[in-house]
Structures are given as C-alpha cells and as structure tokens.
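Note sheet for the following structure.
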Amino acid sequence: MTYQQLQISDIVVVLVEPSSTQQKIIGKQLNEVGIRQIIYQSSGEDTLRNLSVNQPDVVISALYLPDMTGTELVHRMRDTEDHQHTAFILISSETRFRYLDPIRQAGAIAILPKPFSKDALQVAMTNALDYIDPEQLDLDTFSPEDLAVLIVDDSKMARQHIMRVLSSLGIEQFHEACDGVEALQLLSDHYFDLVVTDYNMPNMDGKELIEHIRHDSQQASVPVIMVTSEENENRLAAVQKSGVSAICDKPFENKSVKALVQQLLA
C-alpha cells in the first residue's frame, strides 16, 4: 500500500483509558477526525495481552492506568520486537518535565493535553499516518541509501526511534553514539553526511559536541540536527549560536523531519 492509498480511516487504534466516560469522549473525537477502527482497553496488562493478538497501527494511552503508567506501557512495548516501533500517543493533563520526558525518549509521536482540540488531534493522527507509511526522500544528486548518518543520544530507545523514522525515508547506513565523546571518536574514524544529536547527555552534551564539530573536526560542515526535549530557552539559544543546522522538539512531526533532512542535504 502506498502513501497515497493509505488514509486515516485505514488506521487501527488501541485506546487505553480507564474511564468509560473518557473512552466515549475520546472515541467520538477520533471518529470526527476520520478514525473508524478503535479497540478500547482500560488497563496496561489487558493492552499488552491484546497487542500479542492484534497488530494496531497506533496506541493512544492515558498516563495513569490502574496497573501501570503510560510510561511503563510504552517501555514494555519497546522491549518487544513486534511493537518496538508501534506509534504511541500520550493523552494527559500532566505538564511536568520529569513525567513527560521518559515518554518523549521512548519515541512518542505526539503528546496531547487534556482537553485537546480537534485540530491538535488531527495533527497527531496525520503525523501517525506519516509515521506508518512515509514517503522516501527525493534527492536530486544521490540516493538516500548512500547517506551515512550518525545518531547521538544516551537513550537507546530514542536512538531506535530516530533510526526508524530515518530508515523509513530510505536511509540505510547508521552509526550510534551514546554521548558526545563517543560521537567525536566515530567522526574521526568515519565520514558522515548527517549528524542527529540529543542535547542532554553525560560526558559531553549536544552543544559541546556541535562546538567540537564546527571548530575541531575535519567534518566541520556536516549538517547537524538537534532533536531534544530541552525547554530552557537560554540553553537552546546557546545551541543556535554553536552552529546547529536545525533544532526539532521531541516528539517531532515526521513530515517536518523529512522536509528538514531533504532541505539540508539537497
């Protein structure tokens, strides 16, 4: 099935929500944006058992469930081969960084507040559609499979999510580093067409890494994208000055990442 053929109405959604009232409200909102296939669950364990039988395209979950949190649910999904890359959306009124960041690091494609608007839900489901069936990169001078990309993040799940998104665009060659120090060693040993890095990492953070690349590296001109959940505007402003090519928030829109990579490499 091609990207043009796949429609929002084709997407199968598992909605994990302990409140039957909220199930009805959110289900109605999903129907309004075109979702027709919804499987309702009220607990994390029931969801995981159901996932072993069915293969949904998207799991939408509340943060607080009777038997676990949405964070635990997505982490257990990421620990299984079948659901390592299943699209995950969180719906929660929680705003505190320490509760939301583990969801971002696990590769959630959207975090929706409670209550959310129809437009916000439409954007999230469109992003899910792009995630499930993306278009490949269209580069005039070379093929996506020829690109060499370095992914730098101390979270293995975050690295896997970024690689999944980029590989769906046709990119095949990846190297991984868990911090800036390891990344610099790889940069000294290999040539890369693109570097994608997190901000907050041990030993050497993303800003320091970019500064080293721009001033002390034989690959000073390599495009660098920072994908981060960092919210401190002063820190982000410092990253801009360090020479980053672009900054993307976690979670990010797949279509935006594709457009950004295509622009940087065109």
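A note on labels: chains of the structure tokens are A, B, ... as shown, every chain counts residues from 1, and ligands are counted from 1 in their shown order.
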
### Message
Could you go through region 130-190 of chain A and tell me which residues DSSP, when run on the backbone, assigns to alpha helix (DSSP H), listing them as an MDAnalysis selection string?
### Response
chainID A and resid 130:132 156:167 180:189

Deliver the residues from the most recent selection as a file, using C-alpha atoms, as a PDB file, in the first residue's frame.
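So part_34.pdb came out as:
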ATOM      1  CA  ASP A 130       3.209   9.816   8.057  1.00  0.00           C
ATOM      2  CA  TYR A 131       4.964   7.592  10.608  1.00  0.00           C
ATOM      3  CA  ILE A 132       3.185   4.431   9.469  1.00  0.00           C
ATOM      4  CA  LYS A 156      18.760   3.617  23.286  1.00  0.00           C
ATOM      5  CA  MET A 157      15.004   3.886  22.676  1.00  0.00           C
ATOM      6  CA  ALA A 158      15.388   7.432  21.382  1.00  0.00           C
ATOM      7  CA  ARG A 159      18.137   6.302  19.000  1.00  0.00           C
ATOM      8  CA  GLN A 160      15.968   3.437  17.771  1.00  0.00           C
ATOM      9  CA  HIS A 161      13.025   5.767  17.186  1.00  0.00           C
ATOM     10  CA  ILE A 162      15.087   8.258  15.186  1.00  0.00           C
ATOM     11  CA  MET A 163      16.633   5.454  13.134  1.00  0.00           C
ATOM     12  CA  ARG A 164      13.196   4.027  12.455  1.00  0.00           C
ATOM     13  CA  VAL A 165      11.951   7.378  11.181  1.00  0.00           C
ATOM     14  CA  LEU A 166      15.027   7.989   9.010  1.00  0.00           C
ATOM     15  CA  SER A 167      15.146   4.420   7.689  1.00  0.00           C
ATOM     16  CA  GLY A 180      29.414  13.461  22.518  1.00  0.00           C
ATOM     17  CA  VAL A 181      32.718  11.819  23.421  1.00  0.00           C
ATOM     18  CA  GLU A 182      31.808   8.606  21.619  1.00  0.00           C
ATOM     19  CA  ALA A 183      30.420  10.630  18.704  1.00  0.00           C
ATOM     20  CA  LEU A 184      33.691  12.521  18.228  1.00  0.00           C
ATOM     21  CA  GLN A 185      35.606   9.241  18.057  1.00  0.00           C
ATOM     22  CA  LEU A 186      33.247   7.995  15.336  1.00  0.00           C
ATOM     23  CA  LEU A 187      33.592  11.305  13.488  1.00  0.00           C
ATOM     24  CA  SER A 188      37.365  10.875  13.475  1.00  0.00           C
ATOM     25  CA  ASP A 189      37.053   7.365  12.016  1.00  0.00           C
TER      26      ASP A 189
END

### Message
Using only C-alpha atoms, which protein or nucleic acid residues come within 12 Å of Val16 (chain A)? Drop anything in the same chain fewer than 3 positions from it, and give the result as a ChimeraX atom specification.
### Response
/A:13,19-20,22-24,26-27,38-48,50-51,58-70,73-74,88-92

Could those residues be written to a file, using C-alpha atoms, as a JSON list (two decimals), in the first residue's frame?
[["chain", "number", "residue", "atom", "x", "y", "z"],
["A", 13, "VAL", "CA", -6.15, 2.46, 17.05],
["A", 19, "SER", "CA", -12.61, 5.87, 32.41],
["A", 20, "SER", "CA", -15.54, 4.64, 30.33],
["A", 22, "GLN", "CA", -13.39, 9.38, 28.70],
["A", 23, "GLN", "CA", -13.35, 6.40, 26.34],
["A", 24, "LYS", "CA", -16.61, 7.59, 24.80],
["A", 26, "ILE", "CA", -12.09, 10.42, 23.01],
["A", 27, "GLY", "CA", -13.61, 7.75, 20.77],
["A", 38, "ILE", "CA", -10.89, 1.61, 17.63],
["A", 39, "ILE", "CA", -10.11, -1.12, 20.16],
["A", 40, "TYR", "CA", -10.87, 0.01, 23.72],
["A", 41, "GLN", "CA", -8.77, -1.08, 26.70],
["A", 42, "SER", "CA", -8.85, 0.07, 30.34],
["A", 43, "SER", "CA", -5.55, -1.29, 31.72],
["A", 44, "GLY", "CA", -1.96, -1.76, 30.69],
["A", 45, "GLU", "CA", -1.85, -5.54, 31.11],
["A", 46, "ASP", "CA", -5.03, -6.03, 29.06],
["A", 47, "THR", "CA", -3.50, -3.84, 26.37],
["A", 48, "LEU", "CA", -0.27, -5.84, 26.25],
["A", 50, "ASN", "CA", -4.33, -7.67, 23.22],
["A", 51, "LEU", "CA", -1.22, -6.49, 21.39],
["A", 58, "VAL", "CA", -1.34, 3.33, 16.89],
["A", 59, "VAL", "CA", -1.64, 3.01, 20.67],
["A", 60, "ILE", "CA", -3.19, 6.05, 22.40],
["A", 61, "SER", "CA", -2.89, 5.95, 26.17],
["A", 62, "ALA", "CA", -3.62, 7.94, 29.30],
["A", 63, "LEU", "CA", -0.64, 8.49, 31.61],
["A", 64, "TYR", "CA", -2.22, 6.97, 34.72],
["A", 65, "LEU", "CA", -3.70, 3.47, 34.37],
["A", 66, "PRO", "CA", -4.99, 1.13, 37.12],
["A", 67, "ASP", "CA", -1.99, -1.22, 36.96],
["A", 68, "MET", "CA", 0.84, 0.85, 35.48],
["A", 69, "THR", "CA", 1.63, 4.21, 33.93],
["A", 70, "GLY", "CA", 1.59, 5.06, 30.25],
["A", 73, "LEU", "CA", 3.28, 0.67, 28.94],
["A", 74, "VAL", "CA", 5.31, 2.24, 26.13],
["A", 88, "PHE", "CA", 2.43, 5.76, 20.53],
["A", 89, "ILE", "CA", 0.45, 8.86, 21.53],
["A", 90, "LEU", "CA", 0.01, 10.06, 25.11],
["A", 91, "ILE", "CA", -3.09, 11.93, 26.31],
["A", 92, "SER", "CA", -2.56, 13.59, 29.69]]

### Between CA of Phe174 (chain A) and CA of Asp57 (chain A), distance in Å (one decimal)
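So the answer is 25.2 Å.
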
### Message
Calculated over only C-alpha atoms, which of the candidates A:Glu145, A:Asp179, A:Glu233, A:Glu94 has the smallest distance to Pro202 (chain A)?
### Response
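Using only C-alpha atoms, Pro202 (chain A) sits closest to A:Asp179.
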
### Message
Measuring between only C-alpha atoms, which one of A:Ile210, A:Val14, A:Ile8, A:Val257 shows the shortest distance to Gly243 (chain A)?
### Response
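Selected residue with least distance to Gly243 (chain A): A:Ile210.
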
### Task
Have a look at A:Asp146, A:Glu230, A:Asp216, A:Glu172 and name the one nearest to Asp198 (chain A); count only C-alpha atoms.
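Comparing A:Asp146, A:Glu230, A:Asp216, A:Glu172 against Asp198 (chain A), the winner is A:Glu230.
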
### Query
Rounded to one decimal in Å, what is the spacing between CA of Gln122 (chain A) and CA of Pro251 (chain A)?
15.5 Å

### Task
Go through region 76-200 of chain A and collect every residue that DSSP, computed from the backbone, puts in strand (DSSP E); the answer should be as an NGL selection string.
:A and (87-92 or 110-113 or 148-152 or 173-177 or 194-197)

The selected residues should be written to file as a PDB file, in the first residue's frame (atoms: N, CA and C atoms).
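File written: result-v1.pdb
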ATOM      1  N   ALA A  87       3.441   3.107  16.681  1.00  0.00           N
ATOM      2  CA  ALA A  87       3.213   4.515  17.003  1.00  0.00           C
ATOM      3  C   ALA A  87       2.509   4.643  18.347  1.00  0.00           C
ATOM      4  N   PHE A  88       2.982   5.565  19.195  1.00  0.00           N
ATOM      5  CA  PHE A  88       2.431   5.758  20.532  1.00  0.00           C
ATOM      6  C   PHE A  88       2.117   7.227  20.743  1.00  0.00           C
ATOM      7  N   ILE A  89       0.904   7.497  21.228  1.00  0.00           N
ATOM      8  CA  ILE A  89       0.454   8.859  21.532  1.00  0.00           C
ATOM      9  C   ILE A  89      -0.011   8.887  22.975  1.00  0.00           C
ATOM     10  N   LEU A  90       0.435   9.882  23.723  1.00  0.00           N
ATOM     11  CA  LEU A  90       0.013  10.060  25.110  1.00  0.00           C
ATOM     12  C   LEU A  90      -1.042  11.160  25.188  1.00  0.00           C
ATOM     13  N   ILE A  91      -2.087  10.910  25.992  1.00  0.00           N
ATOM     14  CA  ILE A  91      -3.088  11.934  26.314  1.00  0.00           C
ATOM     15  C   ILE A  91      -3.040  12.145  27.825  1.00  0.00           C
ATOM     16  N   SER A  92      -2.707  13.353  28.253  1.00  0.00           N
ATOM     17  CA  SER A  92      -2.563  13.586  29.685  1.00  0.00           C
ATOM     18  C   SER A  92      -2.633  15.070  30.008  1.00  0.00           C
ATOM     19  N   ALA A 110       3.388  11.888  19.554  1.00  0.00           N
ATOM     20  CA  ALA A 110       2.627  13.079  19.961  1.00  0.00           C
ATOM     21  C   ALA A 110       2.277  12.963  21.436  1.00  0.00           C
ATOM     22  N   ILE A 111       2.179  14.118  22.097  1.00  0.00           N
ATOM     23  CA  ILE A 111       1.664  14.201  23.461  1.00  0.00           C
ATOM     24  C   ILE A 111       0.537  15.226  23.443  1.00  0.00           C
ATOM     25  N   LEU A 112      -0.669  14.766  23.703  1.00  0.00           N
ATOM     26  CA  LEU A 112      -1.842  15.631  23.652  1.00  0.00           C
ATOM     27  C   LEU A 112      -2.278  15.988  25.069  1.00  0.00           C
ATOM     28  N   PRO A 113      -2.581  17.263  25.330  1.00  0.00           N
ATOM     29  CA  PRO A 113      -3.065  17.655  26.655  1.00  0.00           C
ATOM     30  C   PRO A 113      -4.532  17.272  26.822  1.00  0.00           C
ATOM     31  N   ALA A 148      25.265   8.385   4.998  1.00  0.00           N
ATOM     32  CA  ALA A 148      25.770   7.855   6.271  1.00  0.00           C
ATOM     33  C   ALA A 148      25.362   8.821   7.381  1.00  0.00           C
ATOM     34  N   VAL A 149      24.656   8.310   8.377  1.00  0.00           N
ATOM     35  CA  VAL A 149      24.079   9.150   9.428  1.00  0.00           C
ATOM     36  C   VAL A 149      24.584   8.692  10.790  1.00  0.00           C
ATOM     37  N   LEU A 150      24.972   9.660  11.615  1.00  0.00           N
ATOM     38  CA  LEU A 150      25.381   9.390  12.993  1.00  0.00           C
ATOM     39  C   LEU A 150      24.281   9.842  13.934  1.00  0.00           C
ATOM     40  N   ILE A 151      23.777   8.925  14.777  1.00  0.00           N
ATOM     41  CA  ILE A 151      22.735   9.218  15.764  1.00  0.00           C
ATOM     42  C   ILE A 151      23.379   9.258  17.142  1.00  0.00           C
ATOM     43  N   VAL A 152      23.218  10.376  17.850  1.00  0.00           N
ATOM     44  CA  VAL A 152      23.867  10.548  19.158  1.00  0.00           C
ATOM     45  C   VAL A 152      22.795  10.825  20.213  1.00  0.00           C
ATOM     46  N   GLN A 173      22.272   3.561   6.254  1.00  0.00           N
ATOM     47  CA  GLN A 173      23.574   3.470   6.930  1.00  0.00           C
ATOM     48  C   GLN A 173      23.580   4.323   8.200  1.00  0.00           C
ATOM     49  N   PHE A 174      23.649   3.653   9.348  1.00  0.00           N
ATOM     50  CA  PHE A 174      23.618   4.335  10.638  1.00  0.00           C
ATOM     51  C   PHE A 174      24.787   3.916  11.514  1.00  0.00           C
ATOM     52  N   HIS A 175      25.302   4.888  12.265  1.00  0.00           N
ATOM     53  CA  HIS A 175      26.192   4.623  13.391  1.00  0.00           C
ATOM     54  C   HIS A 175      25.541   5.250  14.621  1.00  0.00           C
ATOM     55  N   GLU A 176      25.785   4.644  15.797  1.00  0.00           N
ATOM     56  CA  GLU A 176      25.189   5.136  17.034  1.00  0.00           C
ATOM     57  C   GLU A 176      26.267   5.529  18.040  1.00  0.00           C
ATOM     58  N   ALA A 177      25.991   6.600  18.797  1.00  0.00           N
ATOM     59  CA  ALA A 177      26.853   7.006  19.909  1.00  0.00           C
ATOM     60  C   ALA A 177      25.962   7.400  21.079  1.00  0.00           C
ATOM     61  N   LEU A 194      25.254  13.328   7.716  1.00  0.00           N
ATOM     62  CA  LEU A 194      24.312  13.972   8.636  1.00  0.00           C
ATOM     63  C   LEU A 194      24.573  13.472  10.049  1.00  0.00           C
ATOM     64  N   VAL A 195      24.478  14.390  11.022  1.00  0.00           N
ATOM     65  CA  VAL A 195      24.544  14.034  12.440  1.00  0.00           C
ATOM     66  C   VAL A 195      23.233  14.465  13.087  1.00  0.00           C
ATOM     67  N   VAL A 196      22.604  13.551  13.825  1.00  0.00           N
ATOM     68  CA  VAL A 196      21.389  13.856  14.590  1.00  0.00           C
ATOM     69  C   VAL A 196      21.717  13.617  16.057  1.00  0.00           C
ATOM     70  N   THR A 197      21.593  14.656  16.886  1.00  0.00           N
ATOM     71  CA  THR A 197      22.018  14.532  18.281  1.00  0.00           C
ATOM     72  C   THR A 197      20.976  15.050  19.264  1.00  0.00           C
TER      73      THR A 197
END

#### Entry: Spatial neighbours of Ser229 (chain A), max dist 7 Å, only C-alpha atoms, sep filter under 3 positions, as JSON, numbers by chain
{"A": [101, 249, 250]}

Restricting the output to C-alpha atoms, write the selected residues as an mmCIF file, in the first residue's frame.
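Here's the written file selection_9.cif:
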data_model
loop_
_atom_site.group_PDB
_atom_site.id
_atom_site.type_symbol
_atom_site.label_atom_id
_atom_site.label_comp_id
_atom_site.auth_asym_id
_atom_site.auth_seq_id
_atom_site.Cartn_x
_atom_site.Cartn_y
_atom_site.Cartn_z
ATOM 1 C CA ASP A 101 10.392 13.283 29.206
ATOM 2 C CA ASP A 249 11.364 19.110 19.509
ATOM 3 C CA LYS A 250 10.618 15.691 20.969
#

### Task
Excluding region 260-263 of chain A and residues on its chain fewer than 3 positions from it, collect all residues at most 10 Å away from it, counting only C-alpha atoms, and give them as a PyMOL selection string.
chain A and resi 136-140+144+166+169+194+223-225+245-248+254-257+266

### Task
Rank A:Glu17, A:Asp153, A:Glu32, A:Glu81 by their smallest atom-to-atom distance to Thr228 (chain A), using only C-alpha atoms, and report the top residue only.
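Between A:Glu17, A:Asp153, A:Glu32, A:Glu81, the residue approaching Thr228 (chain A) most closely is A:Asp153.
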